[in-house]
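A.B. asks: Data: structure-v8.cif, mmCIF, C-alpha atoms and all ligand atoms.
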```cif
data_structure
loop_
_atom_site.label_atom_id
_atom_site.label_comp_id
_atom_site.auth_asym_id
_atom_site.auth_seq_id
_atom_site.Cartn_x
_atom_site.Cartn_y
_atom_site.Cartn_z
CA MET A 6 7.08 116.59 -108.55
CA PRO A 7 6.28 112.94 -109.45
CA ARG A 8 8.46 110.38 -107.67
CA PRO A 9 11.20 108.99 -109.92
CA LEU A 10 10.67 105.45 -111.19
CA VAL A 11 12.72 102.76 -109.48
CA LEU A 12 15.08 100.29 -111.15
CA THR A 13 15.99 97.31 -109.02
CA LEU A 14 19.51 95.92 -108.96
CA ARG A 15 19.79 92.26 -109.94
CA LYS A 16 23.43 92.20 -108.92
CA ASP A 17 24.75 93.56 -105.65
CA LEU A 18 26.41 96.70 -106.95
CA SER A 19 25.59 98.87 -103.94
CA ARG A 20 29.19 98.99 -102.75
CA THR A 21 30.58 99.98 -106.16
CA LEU A 22 27.90 102.64 -106.56
CA ARG A 23 28.53 104.03 -103.09
CA GLN A 24 32.22 104.24 -103.94
CA GLY A 25 31.28 106.51 -106.83
CA HIS A 26 31.07 104.33 -109.92
CA PRO A 27 28.90 106.37 -112.30
CA TRP A 28 27.26 103.67 -114.44
CA VAL A 29 24.61 100.99 -113.96
CA PHE A 30 24.63 98.52 -116.83
CA ARG A 31 21.31 97.32 -118.28
CA GLU A 32 22.16 93.69 -117.54
CA ALA A 33 22.45 94.56 -113.83
CA VAL A 34 18.91 95.96 -113.28
CA THR A 35 15.24 95.22 -113.75
CA GLU A 36 13.57 98.06 -115.61
CA PRO A 37 9.92 98.98 -115.06
CA ARG A 38 7.88 99.74 -118.18
CA GLY A 39 7.16 103.20 -119.47
CA MET A 40 10.38 104.96 -118.65
CA ALA A 41 11.40 107.80 -120.93
CA ALA A 42 14.98 108.40 -122.03
CA GLY A 43 16.48 111.15 -119.87
CA ALA A 44 14.03 110.67 -116.94
CA LEU A 45 15.29 110.93 -113.37
CA VAL A 46 15.29 107.47 -111.78
CA THR A 47 16.13 105.78 -108.51
CA VAL A 48 18.32 102.68 -108.29
CA ALA A 49 17.36 100.39 -105.38
CA ASP A 50 18.64 97.06 -104.13
CA ARG A 51 16.45 93.95 -103.89
CA ARG A 52 15.35 94.92 -100.41
CA GLY A 53 14.06 98.21 -101.74
CA ARG A 54 16.82 100.38 -100.24
CA GLU A 55 17.54 103.42 -102.40
CA ILE A 56 21.20 103.31 -103.43
CA ALA A 57 21.71 105.89 -106.16
CA PHE A 58 19.91 108.53 -108.23
CA GLY A 59 20.53 109.26 -111.87
CA TYR A 60 18.98 109.46 -115.30
CA TYR A 61 17.73 106.72 -117.57
CA ASP A 62 18.82 105.74 -121.05
CA ASP A 63 16.58 103.38 -123.01
CA ALA A 64 19.29 102.43 -125.53
CA GLY A 65 22.80 101.00 -125.26
CA PRO A 66 24.43 99.01 -122.49
CA ILE A 67 24.24 101.73 -119.80
CA ALA A 68 20.75 101.98 -118.30
CA VAL A 69 21.47 104.63 -115.66
CA ARG A 70 24.10 107.33 -115.35
CA VAL A 71 24.43 108.16 -111.69
CA LEU A 72 24.18 111.77 -110.52
CA ALA A 73 24.12 111.45 -106.75
CA LEU A 74 23.71 109.13 -103.78
CA ALA A 75 20.95 111.37 -102.38
CA PRO A 76 17.70 112.27 -104.15
CA VAL A 77 18.01 115.07 -106.70
CA ALA A 78 15.61 117.75 -105.51
CA ASP A 79 16.38 120.45 -108.08
CA ARG A 80 17.92 119.13 -111.28
CA ALA A 81 18.72 122.51 -112.87
CA ALA A 82 20.33 123.83 -109.66
CA LEU A 83 22.45 120.68 -109.38
CA LEU A 84 23.63 120.98 -112.98
CA ARG A 85 24.41 124.70 -112.63
CA GLU A 86 26.40 124.05 -109.47
CA ARG A 87 28.42 121.26 -111.12
CA LEU A 88 29.06 123.28 -114.25
CA ARG A 89 30.37 126.14 -112.10
CA ALA A 90 32.54 123.81 -110.02
CA ALA A 91 34.05 122.20 -113.14
CA LEU A 92 34.86 125.60 -114.63
CA ALA A 93 36.48 126.74 -111.36
CA THR A 94 38.88 123.76 -111.43
CA ARG A 95 39.92 124.63 -115.00
CA ARG A 96 40.40 128.28 -114.13
CA ALA A 97 42.63 127.26 -111.24
CA HIS A 98 45.27 125.77 -113.56
CA LEU A 99 44.75 127.50 -116.90
CA ASP A 100 45.80 131.02 -117.82
CA LEU A 101 42.93 131.97 -120.12
CA THR A 102 44.95 134.79 -121.70
CA MET A 103 47.33 132.10 -123.05
CA THR A 104 44.92 129.17 -123.48
CA ASN A 105 41.28 129.60 -124.44
CA ALA A 106 40.62 126.08 -125.76
CA PHE A 107 40.00 123.57 -123.00
CA ARG A 108 37.64 120.90 -121.72
CA TRP A 109 35.13 122.46 -119.35
CA VAL A 110 33.30 119.24 -118.50
CA HIS A 111 34.82 115.77 -118.67
CA GLY A 112 31.61 113.84 -118.09
CA GLU A 113 31.64 111.29 -115.29
CA ALA A 114 34.75 112.71 -113.56
CA ASP A 115 33.00 116.09 -113.23
CA ARG A 116 29.82 114.41 -111.97
CA LEU A 117 28.04 115.42 -115.16
CA PRO A 118 27.83 111.95 -116.69
CA GLY A 119 27.14 111.55 -120.38
CA ILE A 120 28.48 114.88 -121.66
CA HIS A 121 31.77 116.39 -122.72
CA VAL A 122 31.86 120.16 -122.99
CA ASP A 123 34.76 121.87 -124.77
CA VAL A 124 35.47 125.58 -125.00
CA TYR A 125 36.93 126.98 -128.23
CA ALA A 126 37.29 130.72 -127.62
CA ASP A 127 33.67 131.93 -127.55
CA VAL A 128 32.15 128.71 -128.95
CA VAL A 129 31.17 125.91 -126.59
CA SER A 130 30.92 122.47 -128.15
CA VAL A 131 28.95 119.67 -126.46
CA ARG A 132 29.11 115.93 -127.10
CA TYR A 133 26.17 113.95 -125.71
CA ASP A 134 26.61 110.22 -125.09
CA GLY A 135 23.37 109.20 -126.79
CA GLU A 136 19.72 110.18 -126.72
CA GLY A 137 19.27 109.62 -122.98
CA SER A 138 21.92 112.25 -122.31
CA ARG A 139 20.51 114.61 -124.90
CA ALA A 140 17.05 114.35 -123.29
CA PHE A 141 18.30 114.71 -119.70
CA TYR A 142 20.46 117.75 -120.53
CA ARG A 143 17.76 119.28 -122.75
CA ASP A 144 18.34 122.85 -121.44
CA LEU A 145 22.15 122.57 -121.32
CA PRO A 146 22.88 125.59 -123.58
CA ALA A 147 20.97 127.87 -121.16
CA LEU A 148 22.61 126.26 -118.12
CA ILE A 149 26.05 126.70 -119.71
CA ARG A 150 25.40 130.40 -120.33
CA ALA A 151 24.17 130.81 -116.76
CA SER A 152 27.32 129.14 -115.36
CA ALA A 153 29.94 130.73 -117.63
CA GLY A 154 30.97 133.56 -115.32
CA GLU A 155 33.43 135.79 -117.19
CA LEU A 156 33.64 133.46 -120.21
CA THR A 157 32.00 134.91 -123.30
CA VAL A 158 29.70 132.31 -124.85
CA ARG A 159 28.59 133.31 -128.35
CA LYS A 160 27.30 129.89 -129.32
CA VAL A 161 26.68 126.47 -127.81
CA ILE A 162 26.79 123.76 -130.46
CA ASP A 163 25.83 120.08 -130.43
CA ARG A 164 28.89 118.43 -131.97
CA GLU A 165 27.09 115.45 -133.47
CA ALA A 166 24.14 117.42 -134.81
CA ARG A 167 26.58 119.70 -136.67
CA ALA A 168 28.78 116.98 -138.12
CA GLY A 169 29.68 118.07 -141.64
CA ARG A 170 28.89 121.75 -141.11
CA GLY A 171 32.09 123.55 -140.27
CA GLU A 172 32.76 126.76 -138.44
CA GLU A 173 36.26 128.14 -138.07
CA VAL A 174 37.32 129.63 -134.78
CA GLU A 175 40.78 130.87 -133.85
CA VAL A 176 42.00 129.72 -130.46
CA ARG A 177 45.14 130.05 -128.34
CA GLU A 178 46.96 127.16 -126.71
CA ASN A 179 49.83 128.25 -124.49
CA GLY A 180 50.18 131.32 -126.70
CA ALA A 181 50.16 129.47 -130.05
CA LEU A 182 47.33 130.19 -132.47
CA PHE A 183 45.26 127.40 -134.02
CA ILE A 184 42.47 127.70 -136.54
CA VAL A 185 39.96 125.10 -135.40
CA ASP A 186 37.04 123.70 -137.36
CA VAL A 187 34.54 123.16 -134.56
CA GLY A 188 31.93 121.54 -136.79
CA ARG A 189 34.03 119.15 -138.84
CA GLY A 190 37.33 118.75 -137.00
CA GLN A 191 38.19 115.45 -135.32
CA LYS A 192 37.48 115.21 -131.58
CA GLY A 193 35.51 118.47 -131.75
CA GLY A 194 38.38 120.46 -133.25
CA LEU A 195 41.62 120.03 -131.29
CA PHE A 196 42.97 117.11 -129.28
CA LEU A 197 42.81 119.13 -126.06
CA ASP A 198 43.92 116.13 -123.99
CA GLN A 199 47.49 116.41 -125.38
CA ARG A 200 48.00 120.08 -124.40
CA GLU A 201 50.48 119.43 -121.57
CA ASN A 202 52.31 116.75 -123.56
CA ARG A 203 52.75 119.20 -126.45
CA GLN A 204 54.36 121.59 -123.93
CA THR A 205 56.63 118.87 -122.55
CA VAL A 206 57.88 117.99 -126.03
CA ALA A 207 58.32 121.67 -126.97
CA GLN A 208 60.51 122.16 -123.90
CA ARG A 209 62.93 119.57 -125.32
CA ALA A 210 62.81 120.82 -128.92
CA ALA A 211 65.17 123.82 -129.13
CA GLY A 212 67.93 123.09 -131.64
CA LYS A 213 66.40 119.69 -132.48
CA SER A 214 64.58 118.16 -135.46
CA LEU A 215 61.11 116.68 -134.83
CA LEU A 216 58.96 114.17 -136.68
CA ASN A 217 55.26 114.38 -135.77
CA LEU A 218 53.53 111.12 -136.73
CA PHE A 219 49.70 111.21 -136.87
CA GLY A 220 50.21 114.96 -136.55
CA TYR A 221 46.64 116.14 -137.30
CA THR A 222 46.68 119.98 -137.51
CA GLY A 223 50.32 120.20 -136.44
CA GLY A 224 50.01 120.68 -132.67
CA PHE A 225 53.27 119.01 -131.58
CA SER A 226 55.22 120.43 -134.56
CA LEU A 227 53.91 123.95 -134.13
CA HIS A 228 54.83 124.16 -130.45
CA ALA A 229 58.24 122.62 -131.18
CA ALA A 230 58.90 125.11 -134.01
CA ARG A 231 57.91 128.02 -131.75
CA ALA A 232 60.33 126.66 -129.14
CA GLY A 233 63.23 126.69 -131.62
CA ALA A 234 63.20 123.29 -133.36
CA THR A 235 65.52 123.36 -136.37
CA ARG A 236 63.11 121.35 -138.54
CA THR A 237 59.69 119.74 -138.18
CA ASP A 238 57.90 117.15 -140.32
CA THR A 239 54.20 116.52 -139.83
CA VAL A 240 52.61 113.34 -141.23
CA ASP A 241 48.87 112.64 -141.33
CA ILE A 242 46.71 110.67 -143.73
CA ALA A 243 43.96 113.30 -143.67
CA ARG A 244 44.63 115.96 -146.33
CA PRO A 245 42.46 118.64 -144.68
CA ALA A 246 44.40 118.17 -141.42
CA ILE A 247 47.75 118.62 -143.18
CA ALA A 248 46.44 121.70 -145.01
CA ALA A 249 45.30 123.08 -141.64
CA ALA A 250 48.72 122.33 -140.11
CA ARG A 251 50.40 124.40 -142.80
CA ARG A 252 47.93 127.25 -142.28
CA ASN A 253 48.55 127.12 -138.52
CA PHE A 254 52.30 127.50 -139.16
CA GLU A 255 51.60 130.50 -141.41
CA ARG A 256 49.22 132.05 -138.89
CA ASN A 257 51.96 131.89 -136.23
CA GLY A 258 54.48 133.53 -138.55
CA LEU A 259 56.69 130.42 -138.64
CA ALA A 260 59.06 129.91 -141.57
CA LEU A 261 57.82 127.14 -143.87
CA GLY A 262 61.31 126.41 -145.26
CA GLN A 263 62.13 124.07 -142.40
CA ALA A 264 58.65 122.55 -142.08
CA GLY A 265 57.51 119.50 -144.05
CA PHE A 266 53.82 118.61 -144.35
CA HIS A 267 53.12 115.09 -145.57
CA ALA A 268 49.61 113.87 -146.36
CA GLU A 269 50.29 110.14 -146.27
CA ASP A 270 50.08 106.91 -144.33
CA VAL A 271 52.51 106.88 -141.39
CA PHE A 272 53.64 103.29 -141.97
CA ALA A 273 54.44 103.98 -145.64
CA PHE A 274 56.21 107.23 -144.70
CA LEU A 275 58.35 105.43 -142.10
CA GLU A 276 59.34 102.58 -144.44
CA LYS A 277 60.56 105.16 -146.99
CA ALA A 278 62.39 107.25 -144.37
CA ILE A 279 64.15 104.12 -143.06
CA ALA A 280 65.18 103.14 -146.60
CA ARG A 281 66.65 106.64 -147.06
CA GLY A 282 68.43 106.45 -143.67
CA GLN A 283 66.64 109.58 -142.42
CA VAL A 284 66.58 110.31 -138.66
CA TRP A 285 65.06 112.95 -136.37
CA ASP A 286 66.08 113.97 -132.82
CA ILE A 287 62.51 113.70 -131.54
CA VAL A 288 59.77 111.44 -132.91
CA VAL A 289 56.19 111.78 -131.66
CA SER A 290 53.67 109.01 -132.37
CA ASP A 291 50.02 109.72 -131.51
CA PRO A 292 47.86 107.27 -133.49
CA PRO A 293 44.07 106.95 -133.41
CA SER A 294 42.76 104.23 -131.13
CA PHE A 295 44.04 100.91 -132.51
CA ALA A 296 41.79 99.09 -129.99
CA PRO A 297 38.32 100.66 -130.05
CA SER A 298 36.95 97.45 -128.46
CA LYS A 299 38.28 94.55 -126.42
CA ASN A 300 37.94 92.27 -129.48
CA SER A 301 40.42 94.34 -131.44
CA LEU A 302 43.16 94.06 -128.81
CA SER A 303 45.39 91.50 -130.51
CA ALA A 304 45.32 93.36 -133.85
CA ALA A 305 46.05 96.54 -131.90
CA ARG A 306 49.07 94.95 -130.21
CA ARG A 307 50.53 94.03 -133.59
CA SER A 308 49.98 97.57 -134.93
CA TYR A 309 51.59 99.21 -131.89
CA LEU A 310 54.60 96.88 -132.10
CA ARG A 311 55.09 97.53 -135.80
CA LEU A 312 54.67 101.26 -135.30
CA HIS A 313 57.17 101.46 -132.44
CA ARG A 314 59.64 99.22 -134.27
CA LEU A 315 59.53 101.50 -137.33
CA ALA A 316 59.49 104.75 -135.35
CA ALA A 317 62.51 103.70 -133.26
CA GLN A 318 64.54 103.27 -136.45
CA VAL A 319 64.17 106.94 -137.37
CA VAL A 320 65.19 108.31 -133.95
CA SER A 321 68.76 109.59 -133.84
CA ARG A 322 71.08 107.79 -131.36
CA GLY A 323 70.10 109.02 -127.88
CA GLY A 324 67.13 110.93 -129.35
CA LEU A 325 63.60 110.95 -127.94
CA LEU A 326 60.56 108.87 -128.77
CA ALA A 327 57.19 110.05 -127.45
CA ALA A 328 54.63 107.28 -127.93
CA ALA A 329 50.93 107.74 -127.18
CA SER A 330 47.89 105.47 -127.03
CA CYS A 331 44.33 106.74 -126.62
CA SER A 332 42.71 103.35 -126.18
CA SER A 333 41.21 102.70 -122.74
CA HIS A 334 41.32 98.95 -123.45
CA VAL A 335 45.12 98.98 -123.44
CA THR A 336 46.40 99.31 -119.86
CA ARG A 337 49.27 101.59 -118.90
CA GLY A 338 51.53 98.64 -118.11
CA GLU A 339 50.68 96.84 -121.34
CA PHE A 340 51.31 99.92 -123.46
CA LEU A 341 54.72 100.56 -121.94
CA THR A 342 55.67 96.97 -122.73
CA MET A 343 54.55 97.54 -126.33
CA VAL A 344 56.77 100.61 -126.60
CA LYS A 345 59.76 98.81 -125.08
CA THR A 346 59.28 95.66 -127.18
CA GLY A 347 58.83 97.63 -130.41
CA VAL A 348 62.07 99.52 -129.74
CA ASP A 349 63.84 96.23 -128.85
CA LEU A 350 62.72 94.79 -132.20
CA ALA A 351 64.49 97.69 -133.90
CA GLY A 352 67.69 96.64 -132.11
CA ARG A 353 67.60 99.71 -129.83
CA ARG A 354 66.90 100.28 -126.14
CA PHE A 355 64.11 102.45 -124.69
CA VAL A 356 64.79 104.36 -121.47
CA LEU A 357 61.62 105.92 -120.07
CA GLU A 358 61.89 109.49 -118.80
CA SER A 359 58.24 110.32 -118.12
CA TYR A 360 54.91 108.54 -118.41
CA THR A 361 51.91 110.85 -118.37
CA GLY A 362 48.30 110.93 -119.49
CA ALA A 363 45.76 113.54 -120.47
CA SER A 364 45.82 117.22 -119.45
CA PRO A 365 44.29 118.04 -116.03
CA ASP A 366 41.07 119.28 -117.65
CA HIS A 367 40.44 115.57 -118.43
CA PRO A 368 40.36 114.29 -114.83
CA ILE A 369 40.03 110.61 -113.87
CA LEU A 370 37.95 108.88 -111.21
CA PRO A 371 39.98 106.08 -109.61
CA VAL A 372 36.82 103.93 -109.36
CA PHE A 373 36.20 104.39 -113.07
CA PRO A 374 39.24 103.11 -114.98
CA GLU A 375 37.27 103.42 -118.24
CA GLY A 376 38.09 107.13 -118.02
CA ASP A 377 41.86 106.59 -117.92
CA TYR A 378 42.48 106.29 -121.65
CA LEU A 379 45.46 108.41 -122.71
CA LYS A 380 49.02 107.17 -122.21
CA PHE A 381 52.09 109.18 -123.21
CA ALA A 382 55.49 107.58 -122.77
CA LEU A 383 58.51 109.81 -123.40
CA GLY A 384 61.98 108.31 -123.37
CA ARG A 385 65.44 108.06 -124.92
CA VAL A 386 66.17 105.62 -127.69
CA GLU A 387 69.73 104.40 -127.18
C1 LIG B 401 44.99 111.15 -132.08
S1 LIG B 401 45.02 112.03 -133.57
C2 LIG B 401 46.50 112.94 -133.45
C3 LIG B 401 46.39 114.26 -132.69
C4 LIG B 401 47.62 115.11 -132.77
N1 LIG B 401 48.77 114.45 -132.21
C5 LIG B 401 47.44 116.46 -132.09
O1 LIG B 401 48.19 116.75 -131.13
O2 LIG B 401 46.58 117.22 -132.52
C6 LIG B 401 45.33 110.80 -134.75
C7 LIG B 401 45.54 111.27 -136.20
O3 LIG B 401 45.99 110.16 -136.96
C8 LIG B 401 45.55 110.31 -138.30
N2 LIG B 401 45.71 108.97 -138.93
C9 LIG B 401 44.93 107.87 -138.74
N3 LIG B 401 45.47 106.81 -139.40
C10 LIG B 401 46.60 107.25 -140.00
C11 LIG B 401 47.60 106.63 -140.81
N4 LIG B 401 47.54 105.34 -141.12
N5 LIG B 401 48.62 107.39 -141.24
C12 LIG B 401 48.69 108.71 -140.95
N6 LIG B 401 47.77 109.34 -140.17
C13 LIG B 401 46.75 108.63 -139.72
C14 LIG B 401 44.17 110.87 -138.16
O4 LIG B 401 43.82 111.57 -139.36
C15 LIG B 401 44.33 111.79 -136.93
O5 LIG B 401 44.58 113.12 -137.34
#
```
Rewrite the structure from the file as structure tokens, please.
Ligand SMILES: C[S@@+](CC[C@H](N)C(=O)[O-])C[C@H]1O[C@@H](n2cnc3c(N)ncnc32)[C@H](O)[C@@H]1O

C.D. replies:
Amino acid sequence: MPRPLVLTLRKDLSRTLRQGHPWVFREAVTEPRGMAAGALVTVADRRGREIAFGYYDDAGPIAVRVLALAPVADRAALLRERLRAALATRRAHLDLTMTNAFRWVHGEADRLPGIHVDVYADVVSVRYDGEGSRAFYRDLPALIRASAGELTVRKVIDREARAGRGEEVEVRENGALFIVDVGRGQKGGLFLDQRENRQTVAQRAAGKSLLNLFGYTGGFSLHAARAGATRTDTVDIARPAIAAARRNFERNGLALGQAGFHAEDVFAFLEKAIARGQVWDIVVSDPPSFAPSKNSLSAARRSYLRLHRLAAQVVSRGGLLAAASCSSHVTRGEFLTMVKTGVDLAGRRFVLESYTGASPDHPILPVFPEGDYLKFALGRVE
């Protein structure tokens, strides 16, 4: 086997890398010529000491995604072992008879940097973080099949390559049925990271009304209705998502009489509901990332404040507001302040009851805060 090419650190990142940070930014290394995207490489310090081993990407800000601190002798064996280990951790907390849609591999945190692998019943959907990842994991479908154990894998699809070509698969999430479009759906089909939070809300929903803002295919509403909510309203700007939400209700045999499906802008919906004096016992707000980059942070702050101010006005006295943010640029502390301040602006008071993140199949490396993106604050609005 040819020796991997060496990239030399320009900055002293050896400590961070030894602590397990999985990325080496392009600005931090000198790159020799002639390296191919996806090639195994060695990262060394200026004195030539080998610090980390990973694969190379010739595009984007990340030059190397780190695989190990020791040389990688057998790439395929390493990947198989990590795929199996990641699946074992999911099997330890998921009952596959009740839930067969989950994240098998959460990239960096599962030591398989540059990929996200989601299971939707017998379809496995992969997202590659660029061409370097696609080249390094070139035989991933075969490795996935070889590591699947008792999982039935009918198909392994490349999410980006299929964009626009849909395929419907029926999945279970904690016993509820969802029809998922694995080719065209957002985030690969379902927002799997909110699974536990949907359960938490459902546990509070019996005998209550629920408003699901940015509701996508109805996840929060559907679980609440199954748990005995008296009424649910699902709002999303995407018509196909709202149509899918209605179909999901039908598929689960839920009465449509007490379920509203609204294909419209959340802010416009809230302004109208406030003008009518409408309130719900539970309001869930799960917007798309308002801060996709650091530059958009101040605009994002304004949007979150406005959203929380409007949402608080439609929560019944002492009712619940569940506010989420999926932007990694907004810190946990900052987001909580934005929930509290938004509710204050509505002349109400927010009392936090729980503050969670993504489901356990989306683990986080403490040295890699970039991976800690989802925030979910649930509290009373007094
Ligand atoms: C993070 S997803 C919500 C996931 C959902 N809570 C679930 O559990 O499946 C955000 C959703 O917001 C919708 N959306 C984006 N902008 C919107 C707007 N201005 N008004 C209403 N919906 C919007 C998107 O179509 C998307 O479905």

A.B. asks: Per residue of region 109-188 of chain A within 9 Å of region 222-226 of chain A, note the shortest atom pair and the distance in Å to one decimal, counting all atoms listed in the file, and order the rows by chain and increasing residue number, as a tab-separated table.

C.D. replies:
```
residue	atom	partner	partner_atom	distance
A:Phe183	CA	A:Thr222	CA	8.3
A:Ile184	CA	A:Thr222	CA	8.8
A:Val185	CA	A:Thr222	CA	8.7
```

A.B. asks: Around ligand LIG 401 (chain B), at most 6 Å away and counting all atoms listed in the file, which residues are there? Put them as a PyMOL selection string, please.

C.D. replies: chain A and resi 195-196+199+219-222+224-225+241-243+269-271+291-293

A.B. asks: Can you tell me which residues surround region 19-29 of chain A at a distance of at most 10 Å, considering all atoms listed in the file, apart from same-chain residues fewer than 6 positions away, and format the answer as a ChimeraX atom specification?

C.D. replies: /A:12,48-50,54-57,59,61,66-74,112-114,116-119,370-374

A.B. asks: Taking the point (36.2, 123.4, -109.8) as given in the file, collect each protein or nucleic acid residue that comes within 12 Å of it, counting all atoms listed in the file, and present the set as a PDB file with C-alpha atoms, keeping the file's coordinate frame.

C.D. replies:
```pdb
ATOM      1  CA  GLU A  86      26.400 124.050-109.470  1.00  0.00           C
ATOM      2  CA  ARG A  87      28.420 121.260-111.120  1.00  0.00           C
ATOM      3  CA  LEU A  88      29.060 123.280-114.250  1.00  0.00           C
ATOM      4  CA  ARG A  89      30.370 126.140-112.100  1.00  0.00           C
ATOM      5  CA  ALA A  90      32.540 123.810-110.020  1.00  0.00           C
ATOM      6  CA  ALA A  91      34.050 122.200-113.140  1.00  0.00           C
ATOM      7  CA  LEU A  92      34.860 125.600-114.630  1.00  0.00           C
ATOM      8  CA  ALA A  93      36.480 126.740-111.360  1.00  0.00           C
ATOM      9  CA  THR A  94      38.880 123.760-111.430  1.00  0.00           C
ATOM     10  CA  ARG A  95      39.920 124.630-115.000  1.00  0.00           C
ATOM     11  CA  ARG A  96      40.400 128.280-114.130  1.00  0.00           C
ATOM     12  CA  ALA A  97      42.630 127.260-111.240  1.00  0.00           C
ATOM     13  CA  HIS A  98      45.270 125.770-113.560  1.00  0.00           C
ATOM     14  CA  LEU A  99      44.750 127.500-116.900  1.00  0.00           C
ATOM     15  CA  TRP A 109      35.130 122.460-119.350  1.00  0.00           C
ATOM     16  CA  VAL A 110      33.300 119.240-118.500  1.00  0.00           C
ATOM     17  CA  HIS A 111      34.820 115.770-118.670  1.00  0.00           C
ATOM     18  CA  ALA A 114      34.750 112.710-113.560  1.00  0.00           C
ATOM     19  CA  ASP A 115      33.000 116.090-113.230  1.00  0.00           C
ATOM     20  CA  ARG A 116      29.820 114.410-111.970  1.00  0.00           C
ATOM     21  CA  SER A 152      27.320 129.140-115.360  1.00  0.00           C
ATOM     22  CA  PRO A 365      44.290 118.040-116.030  1.00  0.00           C
ATOM     23  CA  ASP A 366      41.070 119.280-117.650  1.00  0.00           C
ATOM     24  CA  PRO A 368      40.360 114.290-114.830  1.00  0.00           C
TER      25      PRO A 368
END
```

A.B. asks: Find the residues near Val335 (chain A): any atom within 9 Å, counting all atoms listed in the file, skip ones fewer than 2 places away on the same chain, and give them as a PyMOL selection string.

C.D. replies: chain A and resi 296+299+302+305-306+330-333+337-340+378

A.B. asks: Go ahead and save the picked residues with C-alpha atoms, as a compact mmCIF listing (two decimals), in the coordinates of the input.

C.D. replies:
```
# COMPACT_ATOMS: atom_id res chain seq x y z
CA ALA A 296 41.79 99.09 -129.99
CA LYS A 299 38.28 94.55 -126.42
CA LEU A 302 43.16 94.06 -128.81
CA ALA A 305 46.05 96.54 -131.90
CA ARG A 306 49.07 94.95 -130.21
CA SER A 330 47.89 105.47 -127.03
CA CYS A 331 44.33 106.74 -126.62
CA SER A 332 42.71 103.35 -126.18
CA SER A 333 41.21 102.70 -122.74
CA ARG A 337 49.27 101.59 -118.90
CA GLY A 338 51.53 98.64 -118.11
CA GLU A 339 50.68 96.84 -121.34
CA PHE A 340 51.31 99.92 -123.46
CA TYR A 378 42.48 106.29 -121.65
```

A.B. asks: Around (66.6, 97.0, -121.2) in the file's own coordinates, what residues are found within 12 Å if you use only C-alpha atoms, given back as a PyMOL selection string?

C.D. replies: chain A and resi 342+344-346+348-350+352-357+385-387

A.B. asks: Please provide as a ChimeraX atom specification all residues within 12 Å of Thr104 (chain A), with the sequence filter that same-chain residues fewer than 3 positions apart are discarded (counting all atoms listed in the file).

C.D. replies: /A:95-96,98-101,107-108,124-126,175-183,197,200-201

A.B. asks: Extract, using all atoms listed in the file, all DNA, RNA and protein residues at most 6 Å from region 231-236 of chain A, discarding same-chain residues fewer than 2 positions from it, and format them as a VMD selection string.

C.D. replies: chain A and resid 207 210 to 214 228 to 229 263 to 264

A.B. asks: Smallest atom-to-atom distance to Arg314 (chain A): which of A:Leu261, A:Leu83, A:Ala351, A:Leu156, using only C-alpha atoms?

C.D. replies: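 Under the stated criterion, the closest residue is A:Ala351.
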
A.B. asks: Rounded to one decimal in Å, what is the spacing between CA of Ser138 (chain A) and CA of Phe58 (chain A)?

C.D. replies: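 CA of Ser138 (chain A) sits 14.7 Å away from CA of Phe58 (chain A).
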
A.B. asks: Nearest to Val46 (chain A) among A:Met343, A:Leu145, A:Ala249, A:Val11, with distances taken over all atoms listed in the file: which residue is it?

C.D. replies: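 Of A:Met343, A:Leu145, A:Ala249, A:Val11, the one nearest Val46 (chain A), counting all atoms listed in the file, is A:Val11.
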
A.B. asks: What is the CA of Leu18 (chain A)-CA of Ile369 (chain A) distance in Å, reported with one decimal?

C.D. replies: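 Distance reported for this atom pair: 20.7 Å.
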
A.B. asks: Which value, in Å to one decimal, gives the distance between CA of Leu148 (chain A) and CA of Arg85 (chain A)?

C.D. replies: 6.0 Å
